[in-house]
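Student: My structure is stored as query_16.cif, with mmCIF, C-alpha atoms (C1' of nucleotides).
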data_input
loop_
_atom_site.label_atom_id
_atom_site.label_comp_id
_atom_site.auth_asym_id
_atom_site.auth_seq_id
_atom_site.Cartn_x
_atom_site.Cartn_y
_atom_site.Cartn_z
CA MET W 13 33.68 -142.16 -74.37
CA PRO W 14 31.64 -144.24 -71.95
CA ARG W 15 30.99 -147.83 -72.91
CA ALA W 16 27.66 -148.93 -74.26
CA GLY W 17 27.66 -152.23 -72.38
CA LEU W 18 26.51 -154.43 -75.20
CA THR W 19 26.19 -158.20 -75.05
CA PRO W 20 25.20 -160.75 -77.67
CA ALA W 21 21.75 -160.77 -76.09
CA THR W 22 21.41 -156.98 -76.30
CA VAL W 23 22.36 -156.96 -79.95
CA THR W 24 20.05 -159.87 -80.73
CA GLY W 25 17.23 -158.15 -78.90
CA ALA W 26 17.68 -154.93 -80.81
CA GLY W 27 17.90 -156.85 -84.06
CA ALA W 28 14.70 -158.74 -83.28
CA ALA W 29 12.87 -155.55 -82.41
CA LEU W 30 14.01 -153.92 -85.64
CA ALA W 31 13.10 -157.01 -87.65
CA ASP W 32 9.55 -156.65 -86.32
CA GLU W 33 9.48 -153.00 -87.27
CA VAL W 34 11.02 -152.97 -90.73
CA GLY W 35 10.93 -156.62 -91.79
CA ILE W 36 13.67 -159.18 -91.69
CA ALA W 37 14.73 -158.43 -95.26
CA GLN W 38 15.38 -154.78 -94.45
CA LEU W 39 17.38 -155.55 -91.34
CA SER W 40 20.95 -154.29 -91.63
CA MET W 41 23.90 -154.09 -89.32
CA GLY W 42 23.90 -150.33 -89.67
CA LEU W 43 20.29 -150.12 -88.53
CA VAL W 44 20.99 -152.21 -85.45
CA ALA W 45 24.04 -150.12 -84.66
CA GLU W 46 22.04 -146.93 -84.98
CA ARG W 47 19.36 -148.28 -82.65
CA LEU W 48 22.02 -149.13 -80.08
CA GLU W 49 23.78 -145.78 -80.58
CA VAL W 50 26.99 -147.46 -81.58
CA ARG W 51 29.11 -147.64 -84.74
CA THR W 52 28.48 -150.59 -86.99
CA PRO W 53 31.83 -152.40 -86.56
CA SER W 54 31.32 -152.53 -82.80
CA LEU W 55 28.59 -155.10 -83.26
CA TYR W 56 31.13 -157.58 -84.57
CA LYS W 57 32.53 -157.88 -81.06
CA HIS W 58 29.28 -159.56 -80.04
CA VAL W 59 27.84 -161.32 -83.08
CA GLY W 60 29.60 -162.88 -86.02
CA GLY W 61 27.87 -160.82 -88.66
CA LEU W 62 24.47 -160.35 -90.24
CA ALA W 63 23.98 -164.05 -90.90
CA ASP W 64 24.84 -164.91 -87.33
CA LEU W 65 22.57 -162.19 -86.02
CA THR W 66 19.70 -163.48 -88.12
CA HIS W 67 20.31 -166.95 -86.80
CA ARG W 68 20.28 -165.71 -83.22
CA ILE W 69 17.01 -163.90 -83.87
CA ALA W 70 15.61 -167.15 -85.22
CA VAL W 71 16.61 -169.00 -82.06
CA LEU W 72 15.07 -166.25 -79.96
CA ALA W 73 11.84 -166.45 -81.93
CA MET W 74 11.65 -170.24 -81.72
CA THR W 75 12.23 -170.10 -78.00
CA GLU W 76 9.62 -167.41 -77.46
CA VAL W 77 7.08 -169.25 -79.56
CA GLY W 78 7.74 -172.44 -77.64
CA ASP W 79 7.27 -170.61 -74.37
CA ALA W 80 4.09 -168.96 -75.55
CA ILE W 81 2.54 -172.22 -76.67
CA GLY W 82 3.80 -174.07 -73.63
CA ASP W 83 2.13 -171.52 -71.37
CA ALA W 84 -1.05 -171.53 -73.42
CA ILE W 85 -1.67 -175.25 -73.20
CA GLN W 86 -0.99 -175.52 -69.50
CA GLY W 87 -3.85 -177.42 -67.90
CA ARG W 88 -5.79 -177.80 -71.13
CA SER W 89 -6.32 -180.74 -73.42
CA GLY W 90 -8.08 -181.81 -76.58
CA ARG W 91 -9.86 -179.17 -78.52
CA GLU W 92 -9.26 -176.57 -75.86
CA ALA W 93 -5.51 -177.14 -76.01
CA LEU W 94 -5.59 -177.06 -79.80
CA THR W 95 -7.34 -173.72 -79.80
CA ALA W 96 -5.03 -172.27 -77.19
CA ALA W 97 -1.90 -173.41 -79.01
CA ALA W 98 -3.06 -172.13 -82.36
CA GLU W 99 -4.13 -168.80 -80.90
CA ALA W 100 -0.81 -168.46 -79.14
CA LEU W 101 1.20 -169.04 -82.28
CA ARG W 102 -0.93 -166.75 -84.34
CA THR W 103 -0.80 -164.01 -81.74
CA TYR W 104 2.95 -164.31 -81.60
CA VAL W 105 3.37 -164.06 -85.34
CA LYS W 106 1.12 -161.02 -85.47
CA ALA W 107 3.06 -159.34 -82.68
CA HIS W 108 6.50 -160.33 -83.96
CA PRO W 109 6.32 -160.96 -87.68
CA GLY W 110 9.95 -160.07 -88.32
CA ARG W 111 11.54 -162.40 -85.84
CA TYR W 112 9.16 -165.21 -86.73
CA ALA W 113 10.16 -164.79 -90.36
CA ALA W 114 13.78 -165.18 -89.29
CA GLY W 115 12.77 -168.55 -87.85
CA ASP W 116 11.46 -169.60 -91.24
CA GLY W 117 14.35 -170.57 -93.40
CA ALA W 118 16.75 -170.85 -90.49
CA GLN W 119 18.90 -173.91 -90.83
CA ALA W 120 20.49 -175.61 -87.87
CA THR W 121 24.25 -175.62 -88.26
CA GLY W 122 24.75 -178.81 -86.28
CA PRO W 123 23.31 -181.07 -83.59
CA ASP W 124 24.40 -178.69 -80.83
CA ASP W 125 22.80 -175.67 -82.44
CA PRO W 126 20.40 -174.13 -79.91
CA LEU W 127 17.94 -173.86 -82.77
CA VAL W 128 17.52 -177.62 -82.60
CA ALA W 129 16.58 -177.56 -78.93
CA ALA W 130 14.20 -174.65 -79.44
CA SER W 131 12.36 -176.28 -82.32
CA GLU W 132 12.18 -179.60 -80.50
CA ARG W 133 10.63 -177.82 -77.60
CA LEU W 134 8.04 -176.30 -79.90
CA LEU W 135 7.27 -179.59 -81.58
CA GLY W 136 7.01 -181.21 -78.17
CA CYS W 137 4.28 -178.76 -77.20
CA LEU W 138 2.30 -179.48 -80.36
CA SER W 139 2.78 -183.20 -79.71
CA ALA W 140 1.29 -182.72 -76.28
CA VAL W 141 -1.76 -181.13 -77.84
CA LEU W 142 -2.22 -184.12 -80.11
CA HIS W 143 -2.06 -186.64 -77.32
CA GLY W 144 -5.58 -185.70 -76.37
CA TYR W 145 -6.83 -187.08 -79.67
CA GLY W 146 -5.64 -190.61 -79.04
CA LEU W 147 -4.14 -191.14 -82.43
CA PRO W 148 -2.25 -194.33 -83.21
CA PRO W 149 1.45 -193.71 -82.56
CA GLU W 150 2.48 -194.09 -86.17
CA GLU W 151 0.09 -191.35 -87.18
CA GLU W 152 1.27 -188.82 -84.65
CA ILE W 153 4.07 -187.57 -86.86
CA HIS W 154 1.60 -186.95 -89.66
CA ALA W 155 -0.81 -185.16 -87.39
CA LEU W 156 2.03 -183.08 -86.03
CA ARG W 157 2.94 -182.03 -89.52
CA LEU W 158 -0.66 -181.22 -90.33
CA LEU W 159 -0.95 -179.03 -87.29
CA ARG W 160 2.30 -177.28 -87.89
CA SER W 161 1.71 -176.76 -91.59
CA THR W 162 -1.75 -175.33 -91.15
CA ILE W 163 -1.01 -172.95 -88.33
CA HIS W 164 2.30 -171.90 -89.79
CA GLY W 165 0.77 -171.41 -93.21
CA PHE W 166 -2.13 -169.40 -91.87
CA ALA W 167 0.02 -167.21 -89.69
CA THR W 168 2.58 -166.45 -92.36
CA LEU W 169 -0.02 -165.80 -95.03
CA GLU W 170 -1.80 -163.44 -92.68
CA ALA W 171 1.44 -161.70 -91.72
CA ALA W 172 2.30 -161.31 -95.41
CA GLY W 173 -1.07 -159.68 -96.02
CA GLY W 174 -2.14 -162.68 -98.06
CA PHE W 175 -5.79 -162.55 -97.12
CA ARG W 176 -7.03 -159.86 -99.40
CA ILE W 177 -10.75 -160.26 -98.97
CA ALA W 178 -11.69 -158.50 -95.83
CA ALA W 179 -13.86 -161.37 -94.59
CA ASP W 180 -13.13 -161.66 -90.92
CA VAL W 181 -9.82 -163.40 -90.49
CA ASP W 182 -10.55 -164.21 -86.85
CA GLU W 183 -13.66 -166.01 -87.90
CA SER W 184 -11.74 -167.96 -90.53
CA PHE W 185 -9.18 -168.95 -87.98
CA ALA W 186 -11.80 -170.23 -85.55
CA TRP W 187 -13.48 -172.14 -88.36
CA ILE W 188 -10.18 -173.70 -89.36
CA ILE W 189 -9.39 -174.83 -85.85
CA ASP W 190 -12.86 -176.32 -85.72
CA ARG W 191 -12.25 -178.29 -88.90
CA LEU W 192 -8.82 -179.37 -87.80
CA ASP W 193 -10.36 -180.63 -84.60
CA ALA W 194 -13.01 -182.47 -86.59
CA GLY W 195 -10.45 -183.94 -88.95
CA LEU W 196 -8.38 -185.24 -86.09
CA GLN W 197 -11.33 -186.94 -84.45
CA VAL W 198 -12.65 -188.82 -87.43
CA PRO W 199 -11.16 -192.31 -87.53
CA VAL W 200 -8.93 -193.19 -90.44
CA ARG W 201 -10.72 -194.75 -93.34
CA ARG W 202 -8.08 -195.86 -95.78
CA MET C 14 29.45 -156.50 -130.40
CA PRO C 15 26.35 -158.46 -131.41
CA ARG C 16 23.24 -157.89 -129.39
CA ALA C 17 22.09 -160.36 -126.81
CA GLY C 18 18.42 -159.98 -127.66
CA LEU C 19 17.11 -159.73 -124.12
CA THR C 20 13.53 -159.00 -123.16
CA PRO C 21 11.87 -158.55 -119.79
CA ALA C 22 10.69 -162.14 -120.12
CA THR C 23 14.19 -163.47 -120.80
CA VAL C 24 15.59 -161.69 -117.81
CA THR C 25 12.73 -162.82 -115.60
CA GLY C 26 13.19 -166.39 -116.78
CA ALA C 27 16.89 -166.39 -116.06
CA GLY C 28 16.24 -164.85 -112.66
CA ALA C 29 13.63 -167.47 -111.86
CA ALA C 30 15.94 -170.29 -112.89
CA LEU C 31 18.72 -168.88 -110.75
CA ALA C 32 16.38 -168.37 -107.83
CA ASP C 33 15.58 -172.08 -107.99
CA GLU C 34 19.27 -172.95 -108.06
CA VAL C 35 20.73 -170.68 -105.41
CA GLY C 36 17.71 -169.48 -103.45
CA ILE C 37 15.83 -166.24 -103.75
CA ALA C 38 17.91 -164.60 -101.05
CA GLN C 39 21.12 -165.22 -102.95
CA LEU C 40 19.76 -163.91 -106.21
CA SER C 41 21.69 -160.87 -107.42
CA MET C 42 21.69 -158.75 -110.52
CA GLY C 43 25.26 -159.73 -111.20
CA LEU C 44 24.40 -163.41 -111.15
CA VAL C 45 21.58 -162.94 -113.62
CA ALA C 46 23.80 -160.88 -115.87
CA GLU C 47 26.49 -163.55 -115.79
CA ARG C 48 23.96 -166.22 -116.70
CA LEU C 49 22.81 -164.16 -119.66
CA GLU C 50 26.39 -163.32 -120.65
CA VAL C 51 25.77 -159.63 -120.33
CA ARG C 52 27.09 -156.86 -118.08
CA THR C 53 25.01 -156.03 -115.04
CA PRO C 54 23.81 -152.54 -116.03
CA SER C 55 22.35 -153.91 -119.26
CA LEU C 56 19.61 -155.61 -117.28
CA TYR C 57 18.24 -152.23 -116.26
CA LYS C 58 17.06 -151.73 -119.81
CA HIS C 59 14.54 -154.53 -119.26
CA VAL C 60 13.67 -154.62 -115.57
CA GLY C 61 13.53 -151.85 -113.05
CA GLY C 62 15.99 -153.36 -110.62
CA LEU C 63 16.32 -156.24 -108.23
CA ALA C 64 13.03 -155.51 -106.51
CA ASP C 65 11.20 -155.35 -109.81
CA LEU C 66 12.85 -158.55 -110.99
CA THR C 67 11.80 -160.33 -107.82
CA HIS C 68 8.27 -159.11 -108.31
CA ARG C 69 8.23 -160.37 -111.88
CA ILE C 70 9.49 -163.75 -110.72
CA ALA C 71 6.67 -163.79 -108.18
CA VAL C 72 4.11 -163.14 -110.89
CA LEU C 73 5.65 -165.85 -113.04
CA ALA C 74 5.51 -168.32 -110.16
CA MET C 75 1.90 -167.47 -109.30
CA THR C 76 0.90 -167.89 -112.92
CA GLU C 77 2.71 -171.20 -113.27
CA VAL C 78 1.22 -172.52 -110.05
CA GLY C 79 -2.22 -171.48 -111.19
CA ASP C 80 -1.72 -173.24 -114.49
CA ALA C 81 -0.40 -176.37 -112.82
CA ILE C 82 -3.33 -176.60 -110.45
CA GLY C 83 -5.81 -175.69 -113.15
CA ASP C 84 -4.53 -178.49 -115.33
CA ALA C 85 -4.45 -180.93 -112.44
CA ILE C 86 -8.08 -180.52 -111.46
CA GLN C 87 -9.44 -180.71 -115.00
CA GLY C 88 -12.26 -183.21 -115.01
CA ARG C 89 -11.91 -184.14 -111.36
CA SER C 90 -13.98 -183.26 -108.36
CA GLY C 91 -14.26 -183.79 -104.64
CA ARG C 92 -11.52 -185.69 -102.96
CA GLU C 93 -9.85 -186.53 -106.24
CA ALA C 94 -9.62 -182.87 -107.18
CA LEU C 95 -8.33 -182.01 -103.72
CA THR C 96 -5.55 -184.57 -104.01
CA ALA C 97 -4.63 -183.49 -107.50
CA ALA C 98 -4.50 -179.83 -106.58
CA ALA C 99 -2.44 -180.42 -103.48
CA GLU C 100 -0.04 -182.70 -105.33
CA ALA C 101 0.33 -180.16 -108.10
CA LEU C 102 1.20 -177.35 -105.74
CA ARG C 103 3.61 -179.45 -103.76
CA THR C 104 5.31 -180.75 -106.89
CA TYR C 105 5.70 -177.23 -108.16
CA VAL C 106 7.24 -175.98 -104.95
CA LYS C 107 9.67 -178.86 -104.89
CA ALA C 108 10.68 -178.24 -108.49
CA HIS C 109 10.83 -174.46 -108.18
CA PRO C 110 11.45 -173.53 -104.57
CA GLY C 111 13.17 -170.26 -105.40
CA ARG C 112 10.50 -168.74 -107.54
CA TYR C 113 7.74 -169.94 -105.24
CA ALA C 114 9.54 -168.24 -102.37
CA ALA C 115 9.50 -165.05 -104.41
CA GLY C 116 5.71 -165.40 -104.49
CA ASP C 117 5.61 -165.46 -100.72
CA GLY C 118 6.00 -161.98 -99.44
CA ALA C 119 5.23 -160.42 -102.78
CA GLN C 120 2.90 -157.47 -102.35
CA ALA C 121 0.66 -156.25 -105.11
CA THR C 122 1.48 -152.66 -105.95
CA GLY C 123 -2.02 -151.80 -107.07
CA PRO C 124 -5.28 -153.15 -108.48
CA ASP C 125 -3.78 -153.47 -111.97
CA ASP C 126 -0.75 -155.41 -110.78
CA PRO C 127 -0.64 -158.69 -112.73
CA LEU C 128 0.09 -160.36 -109.41
CA VAL C 129 -3.51 -159.74 -108.45
CA ALA C 130 -4.83 -161.52 -111.51
CA ALA C 131 -2.44 -164.42 -111.03
CA SER C 132 -3.36 -164.96 -107.43
CA GLU C 133 -7.04 -164.63 -108.16
CA ARG C 134 -6.67 -167.31 -110.78
CA LEU C 135 -4.99 -169.56 -108.25
CA LEU C 136 -7.64 -168.93 -105.62
CA GLY C 137 -10.30 -169.58 -108.21
CA CYS C 138 -8.87 -173.03 -108.84
CA LEU C 139 -8.87 -173.86 -105.16
CA SER C 140 -12.42 -172.56 -104.95
CA ALA C 141 -13.40 -174.94 -107.72
CA VAL C 142 -11.99 -177.81 -105.71
CA LEU C 143 -14.09 -176.83 -102.75
CA HIS C 144 -17.31 -176.67 -104.68
CA GLY C 145 -17.40 -180.44 -104.67
CA TYR C 146 -17.85 -180.41 -100.92
CA GLY C 147 -21.11 -178.52 -100.96
CA LEU C 148 -20.22 -176.10 -98.22
CA PRO C 149 -22.58 -173.28 -97.31
CA PRO C 150 -21.53 -170.18 -99.26
CA GLU C 151 -20.48 -168.20 -96.21
CA GLU C 152 -18.07 -170.93 -95.22
CA GLU C 153 -16.31 -171.16 -98.54
CA ILE C 154 -13.92 -168.37 -97.78
CA HIS C 155 -12.89 -170.11 -94.58
CA ALA C 156 -12.40 -173.43 -96.32
CA LEU C 157 -10.38 -171.71 -99.00
CA ARG C 158 -8.12 -170.27 -96.38
CA LEU C 159 -7.77 -173.63 -94.68
CA LEU C 160 -6.78 -175.27 -97.91
CA ARG C 161 -4.37 -172.60 -98.87
CA SER C 162 -2.80 -172.35 -95.43
CA THR C 163 -2.26 -176.06 -95.07
CA ILE C 164 -0.82 -176.76 -98.49
CA HIS C 165 1.23 -173.60 -98.50
CA GLY C 166 2.52 -174.29 -95.01
CA PHE C 167 3.40 -177.86 -95.81
CA ALA C 168 5.13 -177.04 -99.05
CA THR C 169 7.18 -174.18 -97.63
CA LEU C 170 8.17 -176.10 -94.52
CA GLU C 171 9.27 -178.99 -96.69
CA ALA C 172 11.17 -176.72 -99.04
CA ALA C 173 12.89 -175.10 -96.07
CA GLY C 174 13.98 -178.51 -94.83
CA GLY C 175 11.67 -178.15 -91.86
CA PHE C 176 10.78 -181.82 -91.56
CA ARG C 177 13.80 -183.14 -89.75
CA ILE C 178 12.56 -186.59 -88.84
CA ALA C 179 12.99 -188.78 -91.88
CA ALA C 180 9.51 -190.28 -91.55
CA ASP C 181 8.18 -190.43 -95.06
CA VAL C 182 7.06 -187.01 -96.08
CA ASP C 183 4.99 -188.38 -98.97
CA GLU C 184 3.07 -190.49 -96.53
CA SER C 185 2.49 -187.52 -94.28
CA PHE C 186 1.22 -185.51 -97.18
CA ALA C 187 -1.24 -188.20 -98.21
CA TRP C 188 -2.42 -188.51 -94.62
CA ILE C 189 -2.91 -184.78 -94.38
CA ILE C 190 -4.96 -184.63 -97.55
CA ASP C 191 -7.04 -187.44 -96.17
CA ARG C 192 -7.72 -185.55 -92.97
CA LEU C 193 -8.43 -182.34 -94.79
CA ASP C 194 -10.93 -184.22 -96.89
CA ALA C 195 -12.47 -185.69 -93.76
CA GLY C 196 -12.58 -182.30 -92.05
CA LEU C 197 -14.36 -180.75 -95.02
CA GLN C 198 -17.03 -183.41 -95.11
CA VAL C 199 -18.06 -183.35 -91.49
CA PRO C 200 -20.96 -180.96 -91.04
CA VAL C 201 -20.42 -177.95 -88.86
CA ARG C 202 -21.24 -178.49 -85.24
CA ARG C 203 -21.04 -175.14 -83.57
"C1'" DG R 6 21.69 -145.76 -147.83
"C1'" DC R 7 20.47 -142.54 -144.09
"C1'" DC R 8 18.40 -141.77 -139.39
"C1'" DT R 9 15.98 -142.60 -135.41
"C1'" DT R 10 15.66 -145.65 -131.68
"C1'" DT R 11 17.61 -148.23 -128.19
"C1'" DA R 12 20.40 -152.35 -126.34
"C1'" DG R 13 24.41 -153.04 -124.31
"C1'" DC R 14 28.65 -150.99 -122.80
"C1'" DT R 15 32.15 -148.39 -119.53
"C1'" DA R 16 32.68 -145.38 -115.73
"C1'" DA R 17 31.22 -143.80 -111.54
"C1'" DC R 18 28.74 -143.53 -107.15
"C1'" DA R 19 26.34 -145.09 -102.96
"C1'" DA R 20 25.12 -148.40 -99.46
"C1'" DC R 21 26.37 -152.16 -96.96
"C1'" DA R 22 29.09 -156.05 -94.74
"C1'" DT R 23 33.22 -157.00 -93.09
"C1'" DT R 24 38.28 -156.78 -91.47
"C1'" DA R 25 42.44 -154.55 -89.42
"C1'" DG R 26 44.35 -152.16 -86.14
"C1'" DC R 27 44.21 -148.39 -82.52
"C1'" DC R 28 43.03 -146.66 -77.99
"C1'" DA R 29 40.68 -146.01 -73.92
"C1'" DG R 30 37.60 -147.87 -70.30
"C1'" DC R 31 37.03 -151.63 -66.99
"C1'" DC R 32 38.67 -155.15 -63.67
"C1'" DG R 33 41.60 -157.72 -61.34
"C1'" DT R 34 45.94 -158.00 -58.71
"C1'" DG R 35 49.78 -156.09 -56.09
"C1'" DC B 14 45.63 -146.79 -54.65
"C1'" DA B 15 48.52 -147.77 -58.71
"C1'" DC B 16 49.30 -150.75 -62.43
"C1'" DG B 17 48.54 -153.96 -66.27
"C1'" DG B 18 46.04 -157.08 -69.05
"C1'" DC B 19 41.79 -157.64 -71.37
"C1'" DT B 20 38.48 -156.15 -74.38
"C1'" DG B 21 34.77 -153.08 -76.14
"C1'" DG B 22 34.11 -149.48 -79.11
"C1'" DC B 23 36.35 -146.56 -82.41
"C1'" DT B 24 38.36 -144.95 -87.20
"C1'" DA B 25 40.07 -146.35 -91.56
"C1'" DA B 26 40.00 -149.20 -95.34
"C1'" DT B 27 38.40 -152.97 -98.63
"C1'" DG B 28 35.30 -155.76 -101.39
"C1'" DT B 29 30.69 -156.57 -103.03
"C1'" DT B 30 26.44 -155.21 -104.87
"C1'" DG B 31 22.71 -152.16 -106.60
"C1'" DT B 32 22.02 -148.36 -109.37
"C1'" DT B 33 22.60 -144.16 -112.49
"C1'" DA B 34 24.78 -141.41 -116.28
"C1'" DG B 35 26.22 -141.07 -120.57
"C1'" DC B 36 28.39 -143.16 -124.82
"C1'" DT B 37 28.32 -146.02 -128.98
"C1'" DA B 38 27.00 -149.12 -132.17
"C1'" DA B 39 23.44 -152.33 -133.71
"C1'" DA B 40 18.79 -152.91 -135.63
"C1'" DG B 41 14.77 -151.36 -138.14
"C1'" DG B 42 11.90 -147.80 -140.82
"C1'" DC B 43 11.99 -144.33 -144.62
#
Would you give me this structure, written as structure tokens?
Tutor:
Amino acid sequence: MPRAGLTPATVTGAGAALADEVGIAQLSMGLVAERLEVRTPSLYKHVGGLADLTHRIAVLAMTEVGDAIGDAIQGRSGREALTAAAEALRTYVKAHPGRYAAGDGAQATGPDDPLVAASERLLGCLSAVLHGYGLPPEEEIHALRLLRSTIHGFATLEAAGGFRIAADVDESFAWIIDRLDAGLQVPVRR
Amino acid sequence: MPRAGLTPATVTGAGAALADEVGIAQLSMGLVAERLEVRTPSLYKHVGGLADLTHRIAVLAMTEVGDAIGDAIQGRSGREALTAAAEALRTYVKAHPGRYAAGDGAQATGPDDPLVAASERLLGCLSAVLHGYGLPPEEEIHALRLLRSTIHGFATLEAAGGFRIAADVDESFAWIIDRLDAGLQVPVRR
DNA sequence: GCCTTTAGCTAACAACATTAGCCAGCCGTG
DNA sequence: CACGGCTGGCTAATGTTGTTAGCTAAAGGC
């Protein structure tokens, strides 16, 4: 029997692809093994188990999202950067709903967990977008959370089929970015 | 052996309570049975299975959220209603993270699914909040989606422990509501 | 007080994650 | 080119969990 030549990365990749196809909740070790044309127990030579695999998929997703947004905002700023970043995230979630869902609910196991680095990278990109709005430093964290919450919420609701009414979702998204942009420009008034 | 006197509602309630305690992903039929001091197979006389139970918990959560928001916005309008609604949702998610999570990802099985009615109720409440802003009718759907995305995103990220930096989350939330309010008041400029 | 209904039970099965232990393919060294 | 250690993939086996089948006794209507 010739060897399959698996690595942790191969297994994670197959798991991520399957998560996109069948949903993260339906992902099973057996399914991954089948996709890789290998018996289930063989996977345990490369990943610690289903929980570990899910965690690795989450790291992969976070990293890919960070890259996508990082690329998208290159050379842009202000509203243009905001639009590009939001589009990039939304596009990613639509293309890879399963692996993005793995990122939700993933908990870092410690300070050296690669998940920490990946999410910091992502947050750094969103921070960069916000710099163009010249917010007072103490408000940046709030703005960051606004940005993240809105885009994350929109993308996950869309991926979950949450927008029943057929009214053009693209149009809604553009409108939302517009309002976000407006909200960030108005000076505080409290 | 005396009867336990279960009903679909009892089982759903126990499942919802457990989901809040251990997380929706850890919810199992055996756990629910143990909580109700009954053997696992007995539950199948009242709910169709784990998937059905989860769905029922989702409906329960949607209904409760709708009620909470409906109560909160009674007699308020504009910014005050917005704050009340957002606070209500966030409070609910913090108190019942498990059952709210069941609501995420729940798919209506058909037009007569009670989930449809529950979510329409919820959306209706948010719509009512928006009326105070006097938006043009064709923009209401977009504003509704903005509201829902932001609050949902914030609440789920918070529940998932997504806000690492200790910076006061309450303060962030207030700031976000403020900006949302600001963004909804500015006239369109496209 | 009987009789239908049915709630809860035991027994059994299937799917899945996981572990233990075997054996053969690869890779380095001599 | 042989040989030997390492290790990747295998089979076998175990525990957990979801689910179904079929029994029995409790509750409610006549």
Student: May I ask for the distance between CA of Val77 (chain W) and CA of Ala186 (chain W), given in Å to one decimal place?
Tutor: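 Going from CA of Val77 (chain W) over to CA of Ala186 (chain W), I get 19.8 Å.
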Student: If we count all atoms listed in the file, which residues of chain W reach to within 9 Å of chain R? Please list them as a list in words.
Tutor: Met13, Pro14, Arg15, Ser40, Met41, Gly42, Pro53, Tyr56, Gly61 and Leu62 of chain W
Student: Using only C-alpha atoms (C1' of nucleotides) and a cutoff of 12 Å, can you tell me which residues are near (-4.2, -176.8, -106.0) in the file's coordinates, and write them out as a PyMOL selection string?
Tutor: chain C and resi 75+77-87+89-90+92-106+132+134-143+157+160-165+168+190
Student: Could the residues in this selection be saved with C-alpha atoms as a PDB file, in the frame of the given file?
Tutor:
ATOM      1  CA  MET C  75       1.900-167.470-109.300  1.00  0.00           C
ATOM      2  CA  GLU C  77       2.710-171.200-113.270  1.00  0.00           C
ATOM      3  CA  VAL C  78       1.220-172.520-110.050  1.00  0.00           C
ATOM      4  CA  GLY C  79      -2.220-171.480-111.190  1.00  0.00           C
ATOM      5  CA  ASP C  80      -1.720-173.240-114.490  1.00  0.00           C
ATOM      6  CA  ALA C  81      -0.400-176.370-112.820  1.00  0.00           C
ATOM      7  CA  ILE C  82      -3.330-176.600-110.450  1.00  0.00           C
ATOM      8  CA  GLY C  83      -5.810-175.690-113.150  1.00  0.00           C
ATOM      9  CA  ASP C  84      -4.530-178.490-115.330  1.00  0.00           C
ATOM     10  CA  ALA C  85      -4.450-180.930-112.440  1.00  0.00           C
ATOM     11  CA  ILE C  86      -8.080-180.520-111.460  1.00  0.00           C
ATOM     12  CA  GLN C  87      -9.440-180.710-115.000  1.00  0.00           C
ATOM     13  CA  ARG C  89     -11.910-184.140-111.360  1.00  0.00           C
ATOM     14  CA  SER C  90     -13.980-183.260-108.360  1.00  0.00           C
ATOM     15  CA  ARG C  92     -11.520-185.690-102.960  1.00  0.00           C
ATOM     16  CA  GLU C  93      -9.850-186.530-106.240  1.00  0.00           C
ATOM     17  CA  ALA C  94      -9.620-182.870-107.180  1.00  0.00           C
ATOM     18  CA  LEU C  95      -8.330-182.010-103.720  1.00  0.00           C
ATOM     19  CA  THR C  96      -5.550-184.570-104.010  1.00  0.00           C
ATOM     20  CA  ALA C  97      -4.630-183.490-107.500  1.00  0.00           C
ATOM     21  CA  ALA C  98      -4.500-179.830-106.580  1.00  0.00           C
ATOM     22  CA  ALA C  99      -2.440-180.420-103.480  1.00  0.00           C
ATOM     23  CA  GLU C 100      -0.040-182.700-105.330  1.00  0.00           C
ATOM     24  CA  ALA C 101       0.330-180.160-108.100  1.00  0.00           C
ATOM     25  CA  LEU C 102       1.200-177.350-105.740  1.00  0.00           C
ATOM     26  CA  ARG C 103       3.610-179.450-103.760  1.00  0.00           C
ATOM     27  CA  THR C 104       5.310-180.750-106.890  1.00  0.00           C
ATOM     28  CA  TYR C 105       5.700-177.230-108.160  1.00  0.00           C
ATOM     29  CA  VAL C 106       7.240-175.980-104.950  1.00  0.00           C
ATOM     30  CA  SER C 132      -3.360-164.960-107.430  1.00  0.00           C
ATOM     31  CA  ARG C 134      -6.670-167.310-110.780  1.00  0.00           C
ATOM     32  CA  LEU C 135      -4.990-169.560-108.250  1.00  0.00           C
ATOM     33  CA  LEU C 136      -7.640-168.930-105.620  1.00  0.00           C
ATOM     34  CA  GLY C 137     -10.300-169.580-108.210  1.00  0.00           C
ATOM     35  CA  CYS C 138      -8.870-173.030-108.840  1.00  0.00           C
ATOM     36  CA  LEU C 139      -8.870-173.860-105.160  1.00  0.00           C
ATOM     37  CA  SER C 140     -12.420-172.560-104.950  1.00  0.00           C
ATOM     38  CA  ALA C 141     -13.400-174.940-107.720  1.00  0.00           C
ATOM     39  CA  VAL C 142     -11.990-177.810-105.710  1.00  0.00           C
ATOM     40  CA  LEU C 143     -14.090-176.830-102.750  1.00  0.00           C
ATOM     41  CA  LEU C 157     -10.380-171.710 -99.000  1.00  0.00           C
ATOM     42  CA  LEU C 160      -6.780-175.270 -97.910  1.00  0.00           C
ATOM     43  CA  ARG C 161      -4.370-172.600 -98.870  1.00  0.00           C
ATOM     44  CA  SER C 162      -2.800-172.350 -95.430  1.00  0.00           C
ATOM     45  CA  THR C 163      -2.260-176.060 -95.070  1.00  0.00           C
ATOM     46  CA  ILE C 164      -0.820-176.760 -98.490  1.00  0.00           C
ATOM     47  CA  HIS C 165       1.230-173.600 -98.500  1.00  0.00           C
ATOM     48  CA  ALA C 168       5.130-177.040 -99.050  1.00  0.00           C
ATOM     49  CA  ILE C 190      -4.960-184.630 -97.550  1.00  0.00           C
TER      50      ILE C 190
END
Student: Distance cut-off 10 Å, counting all atoms listed in the file - which residues of chain B neighbour chain W? Return them as an MDAnalysis selection string.
Tutor: chainID B and resid 20:24
